[in-house]
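**Student:** I am sharing upload01.cif, which consists of mmCIF, C-alpha atoms:
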data_model
#
loop_
_atom_site.label_atom_id
_atom_site.label_comp_id
_atom_site.auth_asym_id
_atom_site.auth_seq_id
_atom_site.Cartn_x
_atom_site.Cartn_y
_atom_site.Cartn_z
CA MET F 1 93.77 -6.85 149.27
CA SER F 2 93.03 -3.27 150.20
CA VAL F 3 91.03 -2.78 147.00
CA TYR F 4 88.39 -5.10 148.45
CA ILE F 5 87.88 -3.05 151.61
CA PHE F 6 85.61 -0.49 150.02
CA PRO F 7 83.28 -2.79 148.00
CA THR F 8 82.93 -5.09 151.00
CA LEU F 9 81.96 -2.17 153.21
CA ILE F 10 79.39 -0.95 150.69
CA VAL F 11 77.76 -4.36 150.34
CA PHE F 12 77.71 -4.74 154.10
CA LEU F 13 76.17 -1.29 154.48
CA LEU F 14 73.44 -1.91 151.92
CA VAL F 15 72.51 -5.27 153.44
CA TYR F 16 72.49 -3.72 156.91
CA ALA F 17 70.32 -0.81 155.74
CA PHE F 18 67.91 -3.28 154.13
CA ILE F 19 67.59 -5.26 157.37
CA LYS F 20 67.09 -2.07 159.36
CA LYS F 21 64.45 -0.98 156.84
CA VAL F 22 66.18 2.32 156.12
CA ASN F 23 65.32 4.13 152.90
CA VAL F 24 68.75 4.01 151.27
CA TYR F 25 67.89 6.27 148.36
CA ASN F 26 66.46 9.10 150.45
CA SER F 27 69.28 8.99 153.00
CA PHE F 28 71.86 9.06 150.24
CA VAL F 29 70.23 12.05 148.55
CA ASP F 30 69.96 13.81 151.90
CA GLY F 31 73.68 13.46 152.46
CA VAL F 32 74.64 14.52 148.94
CA LYS F 33 72.75 17.80 149.37
CA GLY F 34 75.53 19.06 151.61
CA ALA F 35 78.33 18.44 149.13
CA ILE F 36 78.17 21.60 147.03
CA GLY F 37 77.79 23.82 150.07
CA LEU F 38 80.75 22.12 151.70
CA CYS F 39 82.97 22.67 148.68
CA VAL F 40 81.81 26.28 148.24
CA ASN F 41 82.80 26.79 151.86
CA ILE F 42 86.27 25.29 151.60
CA PHE F 43 87.07 26.73 148.15
CA PRO F 44 88.49 30.11 149.30
CA TYR F 45 90.69 28.37 151.84
CA ILE F 46 92.03 25.91 149.30
CA VAL F 47 92.84 28.72 146.86
CA ALA F 48 94.61 30.67 149.60
CA ILE F 49 96.76 27.76 150.72
CA MET F 50 97.57 26.70 147.13
CA CYS F 51 98.63 30.25 146.21
CA ALA F 52 100.76 30.48 149.33
CA VAL F 53 102.43 27.18 148.51
CA ALA F 54 103.02 28.27 144.89
CA LEU F 55 104.66 31.50 146.07
CA PHE F 56 106.71 29.62 148.61
CA ARG F 57 108.10 27.35 145.92
CA ILE F 58 108.59 29.82 143.09
CA SER F 59 110.14 32.57 145.20
CA GLY F 60 113.02 30.24 145.92
CA LEU F 61 112.24 30.41 149.61
CA ALA F 62 111.62 26.68 149.64
CA ASN F 63 115.06 25.96 148.19
CA ILE F 64 116.76 28.33 150.59
CA LEU F 65 115.01 26.68 153.48
CA ILE F 66 116.02 23.24 152.22
CA ASN F 67 119.63 24.38 151.98
CA ILE F 68 119.59 25.77 155.49
CA LEU F 69 117.81 22.81 157.01
CA SER F 70 119.62 20.00 155.18
CA PRO F 71 122.66 19.97 157.50
CA ILE F 72 120.38 20.01 160.54
CA PHE F 73 118.30 17.21 159.07
CA SER F 74 121.32 15.10 158.23
CA PHE F 75 122.55 15.63 161.79
CA LEU F 76 119.22 14.21 162.94
CA GLY F 77 119.68 11.19 160.69
CA ILE F 78 117.56 12.32 157.75
CA PRO F 79 119.48 11.89 154.46
CA THR F 80 119.95 15.11 152.47
CA GLU F 81 118.24 13.49 149.49
CA VAL F 82 114.89 13.36 151.26
CA SER F 83 115.01 16.67 153.16
CA GLY F 84 113.09 18.39 150.36
CA LEU F 85 110.31 15.87 150.80
CA VAL F 86 110.22 16.38 154.57
CA LEU F 87 109.79 20.10 154.00
CA LEU F 88 107.22 19.87 151.23
CA ARG F 89 105.05 17.15 152.79
CA PRO F 90 103.03 19.35 155.20
CA PHE F 91 102.10 21.76 152.39
CA THR F 92 101.03 19.76 149.38
CA GLY F 93 99.96 16.19 148.77
CA SER F 94 100.26 16.16 144.99
CA GLY F 95 103.55 18.10 145.07
CA SER F 96 105.15 15.70 147.50
CA PHE F 97 103.95 12.67 145.54
CA ALA F 98 105.61 14.13 142.46
CA LEU F 99 108.80 14.61 144.45
CA LEU F 100 108.58 11.04 145.78
CA ASN F 101 108.36 9.79 142.20
CA ASP F 102 111.43 11.89 141.38
CA ILE F 103 113.33 10.30 144.23
CA TYR F 104 112.35 6.83 142.97
CA SER F 105 113.65 7.51 139.49
CA THR F 106 116.81 9.30 140.65
CA TYR F 107 117.98 6.90 143.35
CA GLY F 108 116.24 3.64 142.39
CA VAL F 109 113.04 2.47 144.00
CA ASP F 110 114.55 -0.27 146.16
CA THR F 111 117.32 1.77 147.78
CA TYR F 112 117.47 2.93 151.38
CA ILE F 113 116.78 6.53 150.29
CA SER F 114 113.59 5.55 148.50
CA LYS F 115 112.49 3.37 151.37
CA CYS F 116 112.97 6.29 153.77
CA ALA F 117 111.06 8.60 151.45
CA SER F 118 108.18 6.12 151.11
CA CYS F 119 108.01 5.68 154.83
CA ILE F 120 108.02 9.46 155.44
CA MET F 121 105.28 9.83 152.86
CA GLY F 122 103.14 7.05 154.31
CA SER F 123 103.36 8.16 157.91
CA SER F 124 102.49 11.83 157.50
CA GLU F 125 99.77 14.03 156.08
CA THR F 126 99.43 17.48 154.53
CA LEU F 127 99.21 19.38 157.81
CA PHE F 128 98.42 22.84 156.43
CA TYR F 129 95.81 21.55 154.02
CA VAL F 130 94.08 19.58 156.78
CA ALA F 131 94.23 22.57 159.12
CA THR F 132 92.66 24.96 156.60
CA VAL F 133 89.99 22.61 155.30
CA TYR F 134 88.92 21.21 158.67
CA THR F 135 88.47 24.62 160.28
CA SER F 136 86.90 26.25 157.20
CA LYS F 137 83.31 25.77 158.39
CA THR F 138 83.92 26.82 161.99
CA SER F 139 84.51 30.07 163.84
CA ILE F 140 88.07 28.97 164.55
CA LYS F 141 90.69 31.59 163.69
CA LYS F 142 93.31 30.76 166.29
CA LEU F 143 94.83 27.33 166.09
CA SER F 144 96.68 27.66 169.38
CA TYR F 145 99.56 25.17 169.52
CA ALA F 146 98.19 22.81 166.86
CA ILE F 147 100.51 23.91 164.03
CA PRO F 148 103.79 23.90 166.01
CA ILE F 149 103.07 20.41 167.31
CA GLY F 150 102.05 19.31 163.82
CA ILE F 151 105.40 20.47 162.40
CA LEU F 152 107.26 18.90 165.29
CA ALA F 153 105.39 15.65 164.69
CA ASN F 154 106.28 15.85 161.01
CA ILE F 155 110.00 16.14 161.82
CA PHE F 156 109.72 13.48 164.48
CA SER F 157 108.08 11.02 162.08
CA SER F 158 110.76 11.71 159.46
CA ILE F 159 113.55 10.98 161.93
CA ALA F 160 111.72 7.88 163.15
CA ALA F 161 111.10 6.72 159.57
CA CYS F 162 114.79 6.98 158.61
CA LEU F 163 115.86 5.22 161.80
CA ILE F 164 113.30 2.42 161.50
CA CYS F 165 114.13 1.87 157.81
CA LYS F 166 117.76 1.40 158.82
CA ILE F 167 116.86 -1.27 161.36
CA ILE F 168 114.25 -3.17 159.35
CA MET D 1 113.05 40.28 147.34
CA LEU D 2 113.57 36.89 145.79
CA ILE D 3 110.38 37.35 143.92
CA PHE D 4 111.93 40.03 141.72
CA LYS D 5 114.41 37.59 140.23
CA ASN D 6 111.76 36.23 137.93
CA PRO D 7 108.74 38.54 138.16
CA ASP D 8 106.87 37.18 135.15
CA THR D 9 106.48 33.75 136.67
CA ILE D 10 104.67 35.01 139.75
CA ILE D 11 101.32 35.80 138.20
CA ASN D 12 101.40 32.59 136.18
CA ALA D 13 102.13 30.55 139.26
CA LEU D 14 99.32 32.20 141.20
CA LEU D 15 96.81 31.77 138.40
CA GLU D 16 97.87 28.19 137.94
CA ALA D 17 97.49 27.53 141.65
CA SER D 18 94.08 29.13 141.73
CA THR D 19 92.87 27.28 138.65
CA SER D 20 94.04 23.94 139.95
CA SER D 21 92.36 24.72 143.29
CA PHE D 22 89.12 25.24 141.43
CA GLU D 23 89.55 21.99 139.55
CA LEU D 24 90.34 20.28 142.83
CA CYS D 25 87.19 21.70 144.43
CA LEU D 26 85.13 20.66 141.45
CA SER D 27 86.33 17.09 141.72
CA LEU D 28 85.88 17.25 145.48
CA VAL D 29 82.19 18.12 144.99
CA GLY D 30 81.77 14.78 143.24
CA ILE D 31 83.88 12.84 145.71
CA TYR D 32 82.35 14.38 148.81
CA ALA D 33 78.84 13.97 147.39
CA VAL D 34 79.30 10.21 147.27
CA TRP D 35 80.90 10.05 150.70
CA LEU D 36 78.38 12.36 152.34
CA GLY D 37 75.65 10.20 150.85
CA ILE D 38 77.23 7.05 152.23
CA ILE D 39 77.87 8.68 155.61
CA SER D 40 74.21 9.71 155.69
CA ILE D 41 73.13 6.08 155.14
CA VAL D 42 75.56 4.96 157.84
CA ASP D 43 74.02 7.54 160.12
CA LYS D 44 70.39 6.65 159.38
CA CYS D 45 71.07 2.95 160.00
CA GLY D 46 72.36 3.78 163.44
CA LEU D 47 75.76 2.41 162.46
CA GLY D 48 77.43 5.71 163.30
CA GLU D 49 76.17 5.41 166.86
CA LYS D 50 77.30 1.78 167.06
CA LEU D 51 80.73 2.77 165.82
CA SER D 52 81.02 5.62 168.26
CA ASN D 53 79.85 3.41 171.13
CA PHE D 54 82.49 0.88 170.14
CA LEU D 55 85.21 3.52 169.96
CA SER D 56 83.88 5.63 172.81
CA PRO D 57 86.43 4.51 175.43
CA ILE D 58 89.19 5.76 173.12
CA ILE D 59 87.31 8.89 172.04
CA LYS D 60 86.40 9.84 175.61
CA LYS D 61 89.99 9.40 176.71
CA LEU D 62 91.62 11.20 173.78
CA PHE D 63 89.15 13.91 172.90
CA LYS D 64 87.42 14.53 176.23
CA THR D 65 84.21 15.44 174.45
CA ASN D 66 80.74 15.52 175.95
CA ASN D 67 78.93 15.77 172.67
CA LYS D 68 77.34 12.54 171.44
CA GLU D 69 76.82 13.88 167.93
CA ALA D 70 80.46 14.92 167.62
CA ASP D 71 81.60 11.53 168.95
CA LYS D 72 79.76 9.88 166.10
CA TYR D 73 81.55 11.90 163.43
CA ILE D 74 84.89 11.48 165.18
CA ALA D 75 84.30 7.72 165.14
CA ILE D 76 83.56 7.79 161.39
CA ASN D 77 86.57 10.04 160.82
CA LEU D 78 88.96 7.80 162.75
CA SER D 79 87.75 4.57 161.16
CA SER D 80 87.96 5.93 157.64
CA ASN D 81 91.44 7.25 158.37
CA ILE D 82 92.57 3.85 159.62
CA LEU D 83 91.08 2.13 156.57
CA GLY D 84 92.79 4.65 154.31
CA LEU D 85 89.57 6.17 152.98
CA GLY D 86 90.91 9.69 153.16
CA ASN D 87 88.08 11.15 151.11
CA ALA D 88 85.54 9.87 153.63
CA ALA D 89 87.62 11.15 156.52
CA THR D 90 87.56 14.77 155.37
CA PRO D 91 83.78 15.44 155.29
CA SER D 92 83.23 13.62 158.57
CA GLY D 93 86.20 15.47 160.07
CA ILE D 94 84.78 18.82 158.98
CA LYS D 95 81.42 17.91 160.51
CA ALA D 96 83.04 16.83 163.76
CA MET D 97 85.08 20.04 163.84
CA GLN D 98 81.90 22.09 163.41
CA LEU D 99 80.29 20.30 166.33
CA LEU D 100 83.37 20.75 168.48
CA ASP D 101 83.50 24.47 167.75
CA ASP D 102 82.54 26.60 170.75
CA LYS D 103 82.11 29.74 168.61
CA SER D 104 84.83 31.59 170.48
CA GLY D 105 87.12 31.71 167.46
CA LYS D 106 89.66 29.63 169.34
CA ILE D 107 90.17 25.95 168.77
CA THR D 108 89.12 23.63 171.59
CA HIS D 109 91.22 20.86 173.08
CA SER D 110 89.18 18.20 171.29
CA GLY D 111 89.55 20.16 168.06
CA ILE D 112 93.33 20.18 168.39
CA VAL D 113 93.41 16.43 169.00
CA LEU D 114 91.21 15.82 165.95
CA LEU D 115 93.30 18.12 163.77
CA LEU D 116 96.60 16.59 164.81
CA ILE D 117 95.44 12.99 164.48
CA ASN D 118 94.31 13.85 160.97
CA SER D 119 97.56 15.58 160.11
CA ILE D 120 99.60 12.51 160.95
CA SER D 121 98.69 9.43 159.02
CA ILE D 122 97.12 6.63 161.05
CA GLN D 123 96.37 4.63 157.95
CA ILE D 124 97.15 0.92 158.25
CA LEU D 125 97.95 0.36 154.57
CA PRO D 126 99.76 3.19 152.74
CA THR D 127 98.04 2.20 149.49
CA THR D 128 99.03 5.23 147.40
CA VAL D 129 102.72 4.85 148.22
CA ILE D 130 102.60 1.11 147.54
CA GLY D 131 100.94 1.79 144.20
CA LEU D 132 103.57 4.34 143.29
CA ARG D 133 106.35 1.91 144.20
CA GLN D 134 104.76 -0.77 142.08
CA THR D 135 104.61 1.58 139.10
CA ALA D 136 108.23 2.55 139.67
CA GLY D 137 109.16 -1.12 139.30
CA SER D 138 110.00 -2.04 142.86
CA THR D 139 110.85 -5.71 143.46
CA ASN D 140 109.08 -5.57 146.80
CA PRO D 141 106.61 -2.68 146.88
CA THR D 142 104.97 -3.78 150.13
CA ASN D 143 108.11 -3.95 152.26
CA ILE D 144 107.44 -0.43 153.51
CA ILE D 145 104.22 -1.42 155.28
CA LEU D 146 105.82 -2.50 158.54
CA PRO D 147 108.20 0.47 158.93
CA THR D 148 105.36 2.85 158.03
CA ILE D 149 103.04 1.37 160.64
CA ILE D 150 105.74 1.48 163.31
CA THR D 151 106.59 5.09 162.42
CA SER D 152 102.93 6.13 162.46
CA PHE D 153 102.47 4.47 165.82
CA PHE D 154 105.42 6.26 167.41
CA THR D 155 104.36 9.57 165.87
CA LEU D 156 100.87 9.15 167.29
CA ILE D 157 102.31 8.54 170.75
CA PHE D 158 104.63 11.53 170.31
CA VAL D 159 101.74 13.83 169.36
CA LEU D 160 99.54 12.65 172.22
CA PHE D 161 102.43 13.09 174.62
CA CYS D 162 103.04 16.66 173.36
CA ILE D 163 99.38 17.57 173.81
CA PHE D 164 99.39 16.03 177.29
CA LEU D 165 102.55 17.95 178.20
CA ILE D 166 101.21 21.30 177.01
CA LYS D 167 97.97 20.75 178.86
CA LYS D 168 99.90 20.00 182.05
CA LEU D 169 102.12 23.07 181.62
CA ARG D 170 99.15 25.32 180.94
CA ALA D 171 97.27 24.01 183.95
CA LYS D 172 100.27 24.84 186.11
CA LYS D 173 100.47 28.42 184.83
CA ILE D 174 96.83 29.12 185.63
#
How does this structure look as structure tokens?
**Tutor:**
Amino acid sequence: MSVYIFPTLIVFLLVYAFIKKVNVYNSFVDGVKGAIGLCVNIFPYIVAIMCAVALFRISGLANILINILSPIFSFLGIPTEVSGLVLLRPFTGSGSFALLNDIYSTYGVDTYISKCASCIMGSSETLFYVATVYTSKTSIKKLSYAIPIGILANIFSSIAACLICKII
Amino acid sequence: MLIFKNPDTIINALLEASTSSFELCLSLVGIYAVWLGIISIVDKCGLGEKLSNFLSPIIKKLFKTNNKEADKYIAINLSSNILGLGNAATPSGIKAMQLLDDKSGKITHSGIVLLLINSISIQILPTTVIGLRQTAGSTNPTNIILPTIITSFFTLIFVLFCIFLIKKLRAKKI
């Protein structure tokens, strides 16, 4: 069903623009003009965060952190099998999707573990990516308490996901 | 220290990360071009204003903005997030963030709310996950929709509560 959302919206928009007598072509071109500038602006930030994530993974720091945090996570009700995903999720979207696929093939897609992992994946976002990209065109250098709360929310949603998957 | 265990992989990993970032940006130019174009049409039709008027009770309460222009982009950002159009959410979010910026180098309250709402998923249908489950051969790929929505809902409340709490604590200190 969700595949129909986008085409429906587009048709609606075009019809609406026609009724309102808006020049669709010119408005579209006007908007597109900003695209290259936008990407040029966010490029350095994306490279920086991707390099940081790569170092984090390859240095073994990620694995060490997973090993340290796993017992704490399992105490909080998050199965050890998905703790890697919980940790990776705020950093990289593609990386965590790859891990999710791994979990599916290792534990079976219809098991509790996979259900938990899917739920964690679906109810969170790549915090650090969002933070870097969203602030890339602003003067903002200090994010105040945004990141700590984001991480806290990430852990909270993981605990909630595992709990809710157990009930439902 | 750990890095020295396998020194040769470092430079490769960095170059790979950088190259894939470039590829990502290149594809984003195309994706954002389309979405910025569509957002521009939405804007010219006055639909952005309609949307922000419709959502304004929520936006006023959550973001405490007094910037009509920013409200419009927040409205577009929130609706595309809910519909799961992540690629439309990002350019409108960046625009909103720019308008919320007070040039002090420090993020504003509204900016924090916007950032945090975007860093938890408020999407109604987790389409990518469902697709992945389908490919993996799940007998019931959509049975994660309900738990995901419930989890997202509680997380949203949790985040808003945290922001509220910190604001209260800070107000007390000053």
**Student:** Starting from the PyMOL selection byres ((chain D and resi 73-86) around 8), expand the selection into actual residues of this file and give them as a VMD selection string.
**Tutor:** (chain F and resid 5) or (chain D and resid 48 51 to 52 55 to 56 59 69 to 72 87 to 90 92 to 93 95 to 96 114 118 121 to 127)
**Student:** For a quick check of understanding, using all atoms listed in the file, which of F:Ile36, F:Ile78, F:Cys116, F:Leu127 has the smallest distance to Gly93 of chain F?
**Tutor:** F:Leu127
**Student:** When the PyMOL selection byres ((chain F) within 6 of (chain D)) is applied to the structure above, which residues does it catch, written out as a ChimeraX atom specification?
**Tutor:** /F:17,27-28,31-32,35-36,39,47,50-51,59,109-110,119,122-125,127,134,138-143,146,157,160-161
**Student:** By how many Å are atom CA of Phe43 of chain F and atom CA of Ala153 of chain F apart?
**Tutor:**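 That distance, rounded to one decimal, is 27.1 Å.
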**Student:** So, with only C-alpha atoms as the atoms that count, which of F:Ile155, F:Ile10, F:Cys165, F:Ala117 lies closest to Ile103 of chain F?
**Tutor:**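 Among the listed residues, F:Ala117 lies closest to Ile103 of chain F.
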**Student:** What is the distance between atom CA of Val53 of chain F and atom CA of Gly84 of chain F, in Å to one decimal?
**Tutor:**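 Answer for the atom CA of Val53 of chain F to atom CA of Gly84 of chain F separation: 13.9 Å.
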